[in-house]
$ cat final_31.cif   # mmCIF, C-alpha atoms
data_target
loop_
_atom_site.label_atom_id
_atom_site.label_comp_id
_atom_site.auth_asym_id
_atom_site.auth_seq_id
_atom_site.Cartn_x
_atom_site.Cartn_y
_atom_site.Cartn_z
CA MET A 13 -144.02 -2.41 74.17
CA PRO A 14 -143.02 -4.76 71.34
CA ILE A 15 -142.43 -8.27 72.65
CA PRO A 16 -138.65 -8.92 72.66
CA SER A 17 -137.31 -11.91 70.78
CA GLN A 18 -135.18 -14.41 72.68
CA ARG A 19 -133.12 -14.59 69.51
CA PRO A 20 -130.80 -11.61 69.94
CA GLY A 21 -130.31 -8.64 67.76
CA LEU A 22 -126.80 -8.20 66.46
CA ALA A 23 -124.35 -5.28 66.65
CA LEU A 24 -122.26 -4.83 63.50
CA VAL A 25 -119.34 -2.42 63.30
CA ALA A 26 -118.55 -0.95 59.88
CA SER A 27 -114.88 -1.92 60.12
CA PRO A 28 -112.65 -0.04 57.66
CA THR A 29 -111.60 -2.27 54.72
CA ARG A 30 -114.21 -4.87 55.75
CA ARG A 31 -117.42 -2.91 55.21
CA ALA A 32 -118.64 -4.99 52.27
CA ALA A 33 -118.14 -8.18 54.28
CA VAL A 34 -119.99 -6.66 57.24
CA LEU A 35 -122.91 -5.78 54.96
CA GLU A 36 -122.93 -9.41 53.81
CA ALA A 37 -123.15 -10.41 57.49
CA ALA A 38 -126.17 -8.10 57.82
CA GLN A 39 -127.80 -9.82 54.85
CA ARG A 40 -127.19 -13.21 56.43
CA ALA A 41 -128.64 -12.00 59.74
CA GLU A 42 -131.74 -10.95 57.83
CA ALA A 43 -131.97 -14.34 56.08
CA LEU A 44 -131.65 -16.10 59.44
CA ARG A 45 -134.46 -13.92 60.84
CA PHE A 46 -132.51 -12.09 63.50
CA PRO A 47 -134.79 -9.33 64.77
CA THR A 48 -132.60 -6.24 64.47
CA ILE A 49 -129.13 -4.86 63.79
CA ALA A 50 -127.47 -2.22 65.94
CA CYS A 51 -124.89 -0.01 64.23
CA PRO A 52 -122.22 1.45 66.55
CA THR A 53 -120.36 4.59 65.56
CA LEU A 54 -117.02 2.80 65.17
CA GLY A 55 -116.14 2.84 61.50
CA GLY A 56 -118.87 5.36 60.69
CA ALA A 57 -122.45 4.40 61.54
CA LEU A 58 -124.11 7.06 59.38
CA GLY A 59 -122.67 5.84 56.10
CA PHE A 60 -123.25 2.25 57.16
CA VAL A 61 -126.96 2.69 57.90
CA VAL A 62 -127.52 4.23 54.46
CA SER A 63 -125.86 1.17 52.92
CA MET A 64 -128.01 -1.04 55.15
CA ALA A 65 -131.12 0.60 53.75
CA HIS A 66 -130.11 -0.59 50.28
CA ALA A 67 -128.46 -3.92 51.13
CA THR A 68 -131.31 -5.36 53.23
CA THR A 69 -135.06 -5.50 52.71
CA THR A 70 -136.83 -6.60 55.92
CA ILE A 71 -134.64 -6.34 59.02
CA GLU A 72 -134.91 -3.30 61.29
CA PHE A 73 -131.73 -1.44 62.26
CA PHE A 74 -130.67 1.47 64.42
CA THR A 75 -127.64 3.55 65.38
CA SER A 76 -126.34 2.46 68.77
CA ILE A 77 -125.36 4.96 69.59
CA GLN A 78 -124.88 8.12 67.56
CA GLY A 79 -123.41 10.84 69.77
CA ILE A 80 -125.21 14.18 69.70
CA TYR A 81 -122.08 16.35 69.81
CA GLY A 82 -120.46 15.30 66.54
CA VAL A 83 -123.25 16.05 64.02
CA HIS A 84 -125.53 19.07 63.76
CA ALA A 85 -129.15 18.19 64.49
CA ASN A 86 -130.36 19.50 61.11
CA GLU A 87 -127.90 17.33 59.18
CA LEU A 88 -128.54 14.24 61.26
CA GLY A 89 -132.30 14.69 61.09
CA ALA A 90 -132.25 14.90 57.30
CA LEU A 91 -130.01 11.83 57.04
CA ALA A 92 -132.22 9.87 59.45
CA SER A 93 -135.32 10.81 57.47
CA HIS A 94 -133.61 9.79 54.22
CA THR A 95 -132.47 6.44 55.63
CA ASP A 96 -135.89 5.64 57.02
CA GLU A 97 -137.63 6.58 53.78
CA ILE A 98 -135.28 4.57 51.56
CA SER A 99 -135.47 1.54 53.87
CA GLY A 100 -139.25 1.49 53.90
CA GLY A 101 -139.56 2.53 57.55
CA ARG A 102 -137.04 0.08 59.02
CA PHE A 103 -134.59 2.59 60.53
CA ARG A 104 -134.46 3.87 64.11
CA LEU A 105 -132.25 6.74 65.29
CA GLY A 106 -130.39 5.82 68.48
CA LEU A 107 -128.83 8.81 70.22
CA GLY A 108 -126.60 9.30 73.24
CA VAL A 109 -124.45 11.90 74.98
CA SER A 110 -121.40 9.63 74.72
CA HIS A 111 -118.69 10.30 77.32
CA ALA A 112 -115.92 12.71 78.19
CA ALA A 113 -113.20 10.84 76.29
CA MET A 114 -115.19 11.06 73.07
CA THR A 115 -116.12 14.71 73.38
CA LYS A 116 -112.47 15.53 74.09
CA ARG A 117 -111.44 13.64 70.95
CA LEU A 118 -114.03 15.59 68.95
CA GLY A 119 -112.83 18.88 70.40
CA VAL A 120 -116.28 19.89 71.62
CA VAL A 121 -117.46 21.14 74.99
CA SER A 122 -120.48 19.36 76.41
CA GLY A 123 -122.93 20.85 78.85
CA THR A 124 -125.36 19.11 81.16
CA PRO A 125 -126.25 15.76 79.54
CA LEU A 126 -129.97 15.94 80.29
CA ALA A 127 -130.33 19.52 79.07
CA ASP A 128 -128.19 18.88 75.99
CA MET A 129 -130.21 15.82 75.02
CA ARG A 130 -133.51 17.62 75.49
CA ALA A 131 -132.30 20.50 73.33
CA TYR A 132 -130.94 18.19 70.62
CA VAL A 133 -134.13 16.16 70.30
CA GLY A 134 -136.08 19.41 70.22
CA ALA A 135 -133.88 20.69 67.38
CA LEU A 136 -134.37 17.45 65.45
CA ARG A 137 -138.13 17.73 65.68
CA ALA A 138 -138.12 21.44 64.83
CA ASN A 139 -136.32 20.67 61.56
CA GLU A 140 -138.78 18.03 60.33
CA ARG A 141 -140.55 20.47 58.00
CA SER A 142 -137.42 20.97 55.89
CA GLY A 143 -135.48 17.78 56.69
CA GLY A 144 -138.31 15.27 56.45
CA SER A 145 -140.24 13.14 58.92
CA LEU A 146 -138.08 11.52 61.56
CA PRO A 147 -137.97 7.80 62.30
CA PRO A 148 -138.57 6.63 65.88
CA ILE A 149 -135.89 7.92 68.24
CA TYR A 150 -134.20 5.81 70.90
CA LEU A 151 -132.09 7.37 73.66
CA ALA A 152 -129.17 5.71 75.40
CA ALA A 153 -129.74 5.75 79.15
CA MET A 154 -127.87 4.35 82.11
CA ARG A 155 -129.17 5.82 85.31
CA ASP A 156 -132.72 6.81 86.18
CA ARG A 157 -132.77 10.48 85.20
CA MET A 158 -131.77 9.83 81.60
CA LEU A 159 -134.14 6.86 81.53
CA ASP A 160 -136.98 9.15 82.59
CA LEU A 161 -136.03 11.66 79.90
CA ALA A 162 -136.00 8.91 77.28
CA LEU A 163 -139.45 7.75 78.34
CA GLU A 164 -140.65 11.35 78.09
CA LEU A 165 -139.08 12.39 74.78
CA ALA A 166 -138.36 9.27 72.76
CA ASP A 167 -139.77 6.01 71.46
CA GLY A 168 -137.27 3.69 73.07
CA VAL A 169 -134.36 3.22 75.45
CA LEU A 170 -130.94 1.74 74.72
CA LEU A 171 -128.78 0.19 77.43
CA ALA A 172 -125.18 -0.95 77.02
CA ASN A 173 -122.95 -3.11 79.23
CA ALA A 174 -125.84 -3.04 81.66
CA SER A 175 -126.27 -4.89 84.93
CA TYR A 176 -129.16 -7.30 84.52
CA ARG A 177 -129.85 -7.11 88.24
CA TYR A 178 -130.18 -3.32 88.15
CA SER A 179 -131.58 -2.67 84.68
CA SER A 180 -134.29 -5.34 84.87
CA GLN A 181 -135.74 -3.23 87.68
CA GLN A 182 -135.53 -0.15 85.46
CA ALA A 183 -137.27 -2.08 82.69
CA ALA A 184 -140.13 -3.00 85.00
CA ARG A 185 -140.61 0.67 85.84
CA ALA A 186 -140.42 1.64 82.15
CA ARG A 187 -143.13 -0.86 81.24
CA VAL A 188 -145.47 0.87 83.67
CA ALA A 189 -144.58 4.41 82.56
CA ARG A 190 -144.49 3.72 78.81
CA PRO A 191 -145.88 0.33 77.79
CA ASP A 192 -145.22 1.17 74.11
CA ALA A 193 -141.51 2.03 74.51
CA TYR A 194 -138.87 -0.18 72.91
CA LEU A 195 -136.11 -1.36 75.24
CA ALA A 196 -132.86 -2.93 74.07
CA VAL A 197 -129.54 -3.80 75.69
CA MET A 198 -126.15 -4.16 73.99
CA ILE A 199 -124.44 -7.14 75.67
CA PRO A 200 -120.75 -8.08 75.28
CA THR A 201 -120.98 -11.74 74.24
CA VAL A 202 -118.47 -14.54 73.66
CA ILE A 203 -119.50 -18.08 72.68
CA ASP A 204 -116.91 -20.71 73.64
CA ASP A 205 -117.03 -23.97 75.57
CA ASP A 206 -113.97 -22.74 77.46
CA VAL A 207 -115.74 -20.53 80.00
CA ASN A 208 -112.54 -19.05 81.41
CA ALA A 209 -111.24 -18.06 77.98
CA ALA A 210 -114.58 -16.50 77.06
CA ALA A 211 -114.74 -14.60 80.36
CA ALA A 212 -111.21 -13.26 79.79
CA VAL A 213 -112.28 -11.68 76.49
CA ASN A 214 -115.21 -9.91 78.14
CA ARG A 215 -113.01 -8.74 80.99
CA LYS A 216 -110.71 -7.09 78.46
CA THR A 217 -113.72 -5.43 76.81
CA LEU A 218 -115.06 -4.04 80.07
CA ASP A 219 -111.63 -2.77 81.13
CA VAL A 220 -112.15 -0.03 78.53
CA TYR A 221 -115.46 1.04 80.06
CA LEU A 222 -114.13 0.94 83.61
CA ARG A 223 -111.82 3.80 82.63
CA LEU A 224 -114.87 6.01 82.00
CA PRO A 225 -116.43 7.88 84.94
CA ASN A 226 -120.00 7.60 83.65
CA TYR A 227 -119.80 3.80 83.57
CA ARG A 228 -118.17 3.65 86.98
CA ASN A 229 -120.98 5.80 88.36
CA TYR A 230 -123.54 3.50 86.76
CA TRP A 231 -121.99 0.32 88.17
CA ARG A 232 -121.69 1.95 91.57
CA ALA A 233 -125.44 2.69 91.45
CA ALA A 234 -126.00 -0.93 90.40
CA GLY A 235 -124.48 -2.12 93.68
CA TYR A 236 -120.82 -2.72 92.84
CA GLY A 237 -119.42 0.14 94.89
CA ASP A 238 -116.64 -1.81 96.62
CA GLY A 239 -115.27 -3.02 93.31
CA ILE A 240 -115.51 0.45 91.77
CA ASP A 241 -113.63 1.88 94.76
CA ALA A 242 -110.85 -0.60 94.02
CA VAL A 243 -110.85 0.36 90.33
CA GLU A 244 -110.63 4.06 91.11
CA ALA A 245 -107.74 3.46 93.48
CA ALA A 246 -105.98 1.46 90.76
CA LEU A 247 -106.59 4.20 88.18
CA ALA A 248 -105.22 6.79 90.59
CA GLY A 249 -102.07 4.67 90.80
CA GLY A 250 -101.67 4.59 87.04
CA GLN A 251 -103.12 1.11 86.34
CA ARG A 252 -105.01 0.84 83.03
CA ASP A 253 -105.41 -2.88 82.42
CA GLY A 254 -106.79 -5.73 84.52
CA LEU A 255 -109.36 -3.44 86.13
CA SER A 256 -112.29 -5.79 85.65
CA ALA A 257 -110.68 -8.39 87.92
CA LEU A 258 -111.06 -5.89 90.76
CA VAL A 259 -114.87 -5.80 90.41
CA GLY A 260 -115.34 -9.56 90.39
CA ASP A 261 -116.92 -12.51 88.63
CA ASP A 262 -120.48 -11.79 89.78
CA TRP A 263 -120.33 -8.38 88.12
CA LEU A 264 -118.93 -9.84 84.89
CA ALA A 265 -121.71 -12.44 84.72
CA ASP A 266 -124.29 -9.76 85.51
CA CYS A 267 -123.19 -7.44 82.68
CA THR A 268 -121.94 -9.80 79.93
CA LEU A 269 -122.63 -13.22 78.43
CA TYR A 270 -119.97 -15.87 77.86
CA GLY A 271 -119.48 -19.60 77.68
CA PRO A 272 -121.19 -22.47 75.83
CA VAL A 273 -124.12 -21.88 73.51
CA GLU A 274 -126.84 -22.94 75.96
CA ARG A 275 -125.50 -20.67 78.69
CA VAL A 276 -125.47 -17.72 76.29
CA ARG A 277 -128.94 -18.58 75.00
CA ASP A 278 -130.23 -18.62 78.57
CA GLY A 279 -128.75 -15.18 79.14
CA PHE A 280 -130.51 -13.74 76.10
CA ALA A 281 -133.77 -15.33 77.23
CA ARG A 282 -133.41 -13.79 80.69
CA TRP A 283 -133.22 -10.29 79.22
CA ALA A 284 -136.12 -10.97 76.84
CA ASP A 285 -138.24 -12.22 79.74
CA ALA A 286 -137.53 -8.90 81.49
CA GLY A 287 -139.02 -7.06 78.49
CA VAL A 288 -135.69 -5.97 77.00
CA GLN A 289 -134.50 -6.96 73.52
CA PRO A 290 -130.99 -8.44 73.85
CA VAL A 291 -128.47 -7.35 71.23
CA ALA A 292 -125.26 -9.37 70.99
CA VAL A 293 -122.03 -7.39 70.75
CA MET A 294 -119.89 -10.30 69.64
CA SER A 295 -116.24 -11.06 70.35
CA SER A 296 -114.36 -14.32 69.87
CA THR A 297 -111.56 -16.15 71.61
CA SER A 298 -110.06 -17.03 68.22
CA GLY A 299 -110.70 -14.22 65.73
CA GLY A 300 -112.21 -10.85 64.92
CA GLN A 301 -115.73 -9.50 64.49
CA LEU A 302 -116.76 -11.63 61.52
CA LYS A 303 -115.47 -14.81 63.17
CA ALA A 304 -117.49 -13.96 66.30
CA VAL A 305 -120.60 -13.14 64.30
CA GLY A 306 -120.25 -16.47 62.48
CA GLU A 307 -120.22 -18.21 65.86
CA LEU A 308 -123.50 -16.50 66.72
CA PHE A 309 -125.00 -17.53 63.38
CA ASP A 310 -123.94 -21.12 64.03
CA ALA A 311 -125.61 -20.98 67.45
CA PHE A 312 -128.94 -19.68 66.15
CA GLY A 313 -128.95 -20.59 62.45
#

$ encode --input "final_31.cif" --output "structure tokens"
Amino acid sequence: MPIPSQRPGLALVASPTRRAAVLEAAQRAEALRFPTIACPTLGGALGFVVSMAHATTTIEFFTSIQGIYGVHANELGALASHTDEISGGRFRLGLGVSHAAMTKRLGVVSGTPLADMRAYVGALRANERSGGSLPPIYLAAMRDRMLDLALELADGVLLANASYRYSSQQAARARVARPDAYLAVMIPTVIDDDVNAAAAVNRKTLDVYLRLPNYRNYWRAAGYGDGIDAVEAALAGGQRDGLSALVGDDWLADCTLYGPVERVRDGFARWADAGVQPVAVMSSTSGGQLKAVGELFDAFG
């Protein structure tokens, strides 16, 4: 397993109308020697990673995550091969089954996540002769069965909004099963000396994920069942906001990073010490994505 850097990777969203500025942020991350860039699907990850291949020269980057239901395996495999070739082998293809809200928006019907992922990766590999050699593949995993599938089929595992308490145990098991596998975690992060203000931003972020059954099931498995019971009761009553307050401060601190620079640095180091590359998904108390990314650059530049 590659040794994780205590300097985090960075998630960059290809925000419409701001894509050129986001690419400039990627170039600055490269100049500051950040280890990797994760490219979420918001704003269009597939176009963005092709631009990344041309706009940067040394930094590694990966989709985090590209859902398997929205793009045919043959098309995605060819694009992944192209991006990796043009970038000089710096691209990684991060895949996931997404969630019910996304598949509904796409108008597709999903099957069993494990079976669908196995079939999709198999189709990618079967098309290599015509589409070109694939880059390393990372699979998004939350609970143990998808983690085991990732360790079987892929070259790495991607976690998101993960409980350190729970997922550090998964990481220890993964190191035994596949010492060569790459592990990374996407962490909602806010840097601000006002701890309460920073925490409030992360609570708002996680409210979105608490509406999704797959995340609630994950956090229940991670030991937050009482809080998840309260969230599900609130959802049943029509509540949509303020859900994260029902799970509690310990959960928020377990799954996100917030507060002054040193506190956030310590959180990144904790994940790296567990063998997992931290990737900062930045928000700010006083601005948008580029403001938040600038705050991270100031902290580590």

$ resolve_selection --input "final_31.cif" --expression "the PyMOL selection byres ((chain A and resi 54) around 9)" --output "ChimeraX atom specification"
/A:25-27,51-53,55-57

$ resolve_selection --input "final_31.cif" --expression "the PyMOL selection byres ((chain A and resi 267) around 10)" --output "ChimeraX atom specification"
/A:172-179,198-201,214,218,231,262-266,268-269

$ write_last_selection --input "final_31.cif" --atoms "C-alpha atoms" --output "compact mmCIF listing (two decimals), keeping the file's coordinate frame"
# COMPACT_ATOMS: atom_id res chain seq x y z
CA ALA A 172 -125.18 -0.95 77.02
CA ASN A 173 -122.95 -3.11 79.23
CA ALA A 174 -125.84 -3.04 81.66
CA SER A 175 -126.27 -4.89 84.93
CA TYR A 176 -129.16 -7.30 84.52
CA ARG A 177 -129.85 -7.11 88.24
CA TYR A 178 -130.18 -3.32 88.15
CA SER A 179 -131.58 -2.67 84.68
CA MET A 198 -126.15 -4.16 73.99
CA ILE A 199 -124.44 -7.14 75.67
CA PRO A 200 -120.75 -8.08 75.28
CA THR A 201 -120.98 -11.74 74.24
CA ASN A 214 -115.21 -9.91 78.14
CA LEU A 218 -115.06 -4.04 80.07
CA TRP A 231 -121.99 0.32 88.17
CA ASP A 262 -120.48 -11.79 89.78
CA TRP A 263 -120.33 -8.38 88.12
CA LEU A 264 -118.93 -9.84 84.89
CA ALA A 265 -121.71 -12.44 84.72
CA ASP A 266 -124.29 -9.76 85.51
CA THR A 268 -121.94 -9.80 79.93
CA LEU A 269 -122.63 -13.22 78.43

$ closest_atom_pairs --input "final_31.cif" --of "region 172-271 of chain A" --to "region 14-23 of chain A" --cutoff "8 Å" --atoms "all atoms listed in the file" --output "CSV"
residue,atom,partner,partner_atom,distance
A:Asp192,CA,A:Pro14,CA,6.9
A:Ala193,CA,A:Pro14,CA,7.6
A:Tyr194,CA,A:Pro14,CA,6.4
A:Met198,CA,A:Ala23,CA,7.6

$ resolve_selection --input "final_31.cif" --expression "the PyMOL selection byres ((chain A and resi 144-156) around 6)" --output "CSV table (one decimal) with C-alpha atoms, keeping the file's coordinate frame"
chain,number,residue,atom,x,y,z
A,93,SER,CA,-135.3,10.8,57.5
A,104,ARG,CA,-134.5,3.9,64.1
A,105,LEU,CA,-132.2,6.7,65.3
A,106,GLY,CA,-130.4,5.8,68.5
A,107,LEU,CA,-128.8,8.8,70.2
A,108,GLY,CA,-126.6,9.3,73.2
A,140,GLU,CA,-138.8,18.0,60.3
A,141,ARG,CA,-140.6,20.5,58.0
A,142,SER,CA,-137.4,21.0,55.9
A,143,GLY,CA,-135.5,17.8,56.7
A,157,ARG,CA,-132.8,10.5,85.2
A,158,MET,CA,-131.8,9.8,81.6
A,159,LEU,CA,-134.1,6.9,81.5
A,162,ALA,CA,-136.0,8.9,77.3
A,166,ALA,CA,-138.4,9.3,72.8
A,167,ASP,CA,-139.8,6.0,71.5
A,168,GLY,CA,-137.3,3.7,73.1
A,169,VAL,CA,-134.4,3.2,75.4
A,170,LEU,CA,-130.9,1.7,74.7
A,171,LEU,CA,-128.8,0.2,77.4

$ residues_around --input "final_31.cif" --residues "region 221-226 of chain A" --least-positions-apart "6" --cutoff "12 Å" --atoms "only C-alpha atoms" --output "NGL selection string"
:A and (109-114 or 125 or 153-155 or 172-174 or 200 or 214-215 or 232-233 or 236 or 239-248 or 250-259 or 264 or 267)

$ atom_distance --input "final_31.cif" --atom1 "CA of Tyr132 (chain A)" --atom2 "CA of Ala196 (chain A)"
21.5 Å

$ atom_distance --input "final_31.cif" --atom1 "CA of Glu307 (chain A)" --atom2 "CA of Ala281 (chain A)"
17.9 Å

$ closest_residue --input "final_31.cif" --among "A:Gly101, A:Pro191, A:Gly123, A:Pro47" --to "Ile80 (chain A)" --atoms "all atoms listed in the file"
A:Gly123

$ atom_distance --input "final_31.cif" --atom1 "CA of Pro272 (chain A)" --atom2 "CA of Val291 (chain A)"
17.4 Å

$ residues_around --input "final_31.cif" --residues "region 184-189 of chain A" --least-positions-apart "3" --cutoff "8 Å" --atoms "only C-alpha atoms" --output "JSON, numbers by chain"
{"A": [13, 163, 180, 181, 192, 193, 286, 287]}

$ write_last_selection --input "final_31.cif" --atoms "C-alpha atoms" --output "PDB file, keeping the file's coordinate frame"
ATOM      1  CA  MET A  13    -144.020  -2.410  74.170  1.00  0.00           C
ATOM      2  CA  LEU A 163    -139.450   7.750  78.340  1.00  0.00           C
ATOM      3  CA  SER A 180    -134.290  -5.340  84.870  1.00  0.00           C
ATOM      4  CA  GLN A 181    -135.740  -3.230  87.680  1.00  0.00           C
ATOM      5  CA  ASP A 192    -145.220   1.170  74.110  1.00  0.00           C
ATOM      6  CA  ALA A 193    -141.510   2.030  74.510  1.00  0.00           C
ATOM      7  CA  ALA A 286    -137.530  -8.900  81.490  1.00  0.00           C
ATOM      8  CA  GLY A 287    -139.020  -7.060  78.490  1.00  0.00           C
TER       9      GLY A 287
END

$ residues_around --input "final_31.cif" --residues "Ser99 (chain A)" --least-positions-apart "2" --cutoff "10 Å" --atoms "all atoms listed in the file" --output "short mmCIF file (atom, residue, chain, number, x, y, z; two decimals) with C-alpha atoms, in the coordinates of the input"
data_model
loop_
_atom_site.label_atom_id
_atom_site.label_comp_id
_atom_site.auth_asym_id
_atom_site.auth_seq_id
_atom_site.Cartn_x
_atom_site.Cartn_y
_atom_site.Cartn_z
CA VAL A 61 -126.96 2.69 57.90
CA VAL A 62 -127.52 4.23 54.46
CA SER A 63 -125.86 1.17 52.92
CA MET A 64 -128.01 -1.04 55.15
CA ALA A 65 -131.12 0.60 53.75
CA HIS A 66 -130.11 -0.59 50.28
CA ALA A 67 -128.46 -3.92 51.13
CA THR A 68 -131.31 -5.36 53.23
CA THR A 69 -135.06 -5.50 52.71
CA THR A 70 -136.83 -6.60 55.92
CA ILE A 71 -134.64 -6.34 59.02
CA GLU A 72 -134.91 -3.30 61.29
CA PHE A 73 -131.73 -1.44 62.26
CA SER A 93 -135.32 10.81 57.47
CA HIS A 94 -133.61 9.79 54.22
CA THR A 95 -132.47 6.44 55.63
CA ASP A 96 -135.89 5.64 57.02
CA GLU A 97 -137.63 6.58 53.78
CA GLY A 101 -139.56 2.53 57.55
CA ARG A 102 -137.04 0.08 59.02
CA PHE A 103 -134.59 2.59 60.53
#

$ closest_residue --input "final_31.cif" --among "A:Ala234, A:Arg275, A:Val293, A:Val207" --to "Gln182 (chain A)" --atoms "all atoms listed in the file"
A:Ala234

$ closest_residue --input "final_31.cif" --among "A:Met294, A:Ala211, A:Ala85, A:Val220" --to "Phe309 (chain A)" --atoms "all atoms listed in the file"
A:Met294

$ closest_residue --input "final_31.cif" --among "A:Leu58, A:Ala304, A:Leu195, A:Val288" --to "Gly82 (chain A)" --atoms "all atoms listed in the file"
A:Leu58
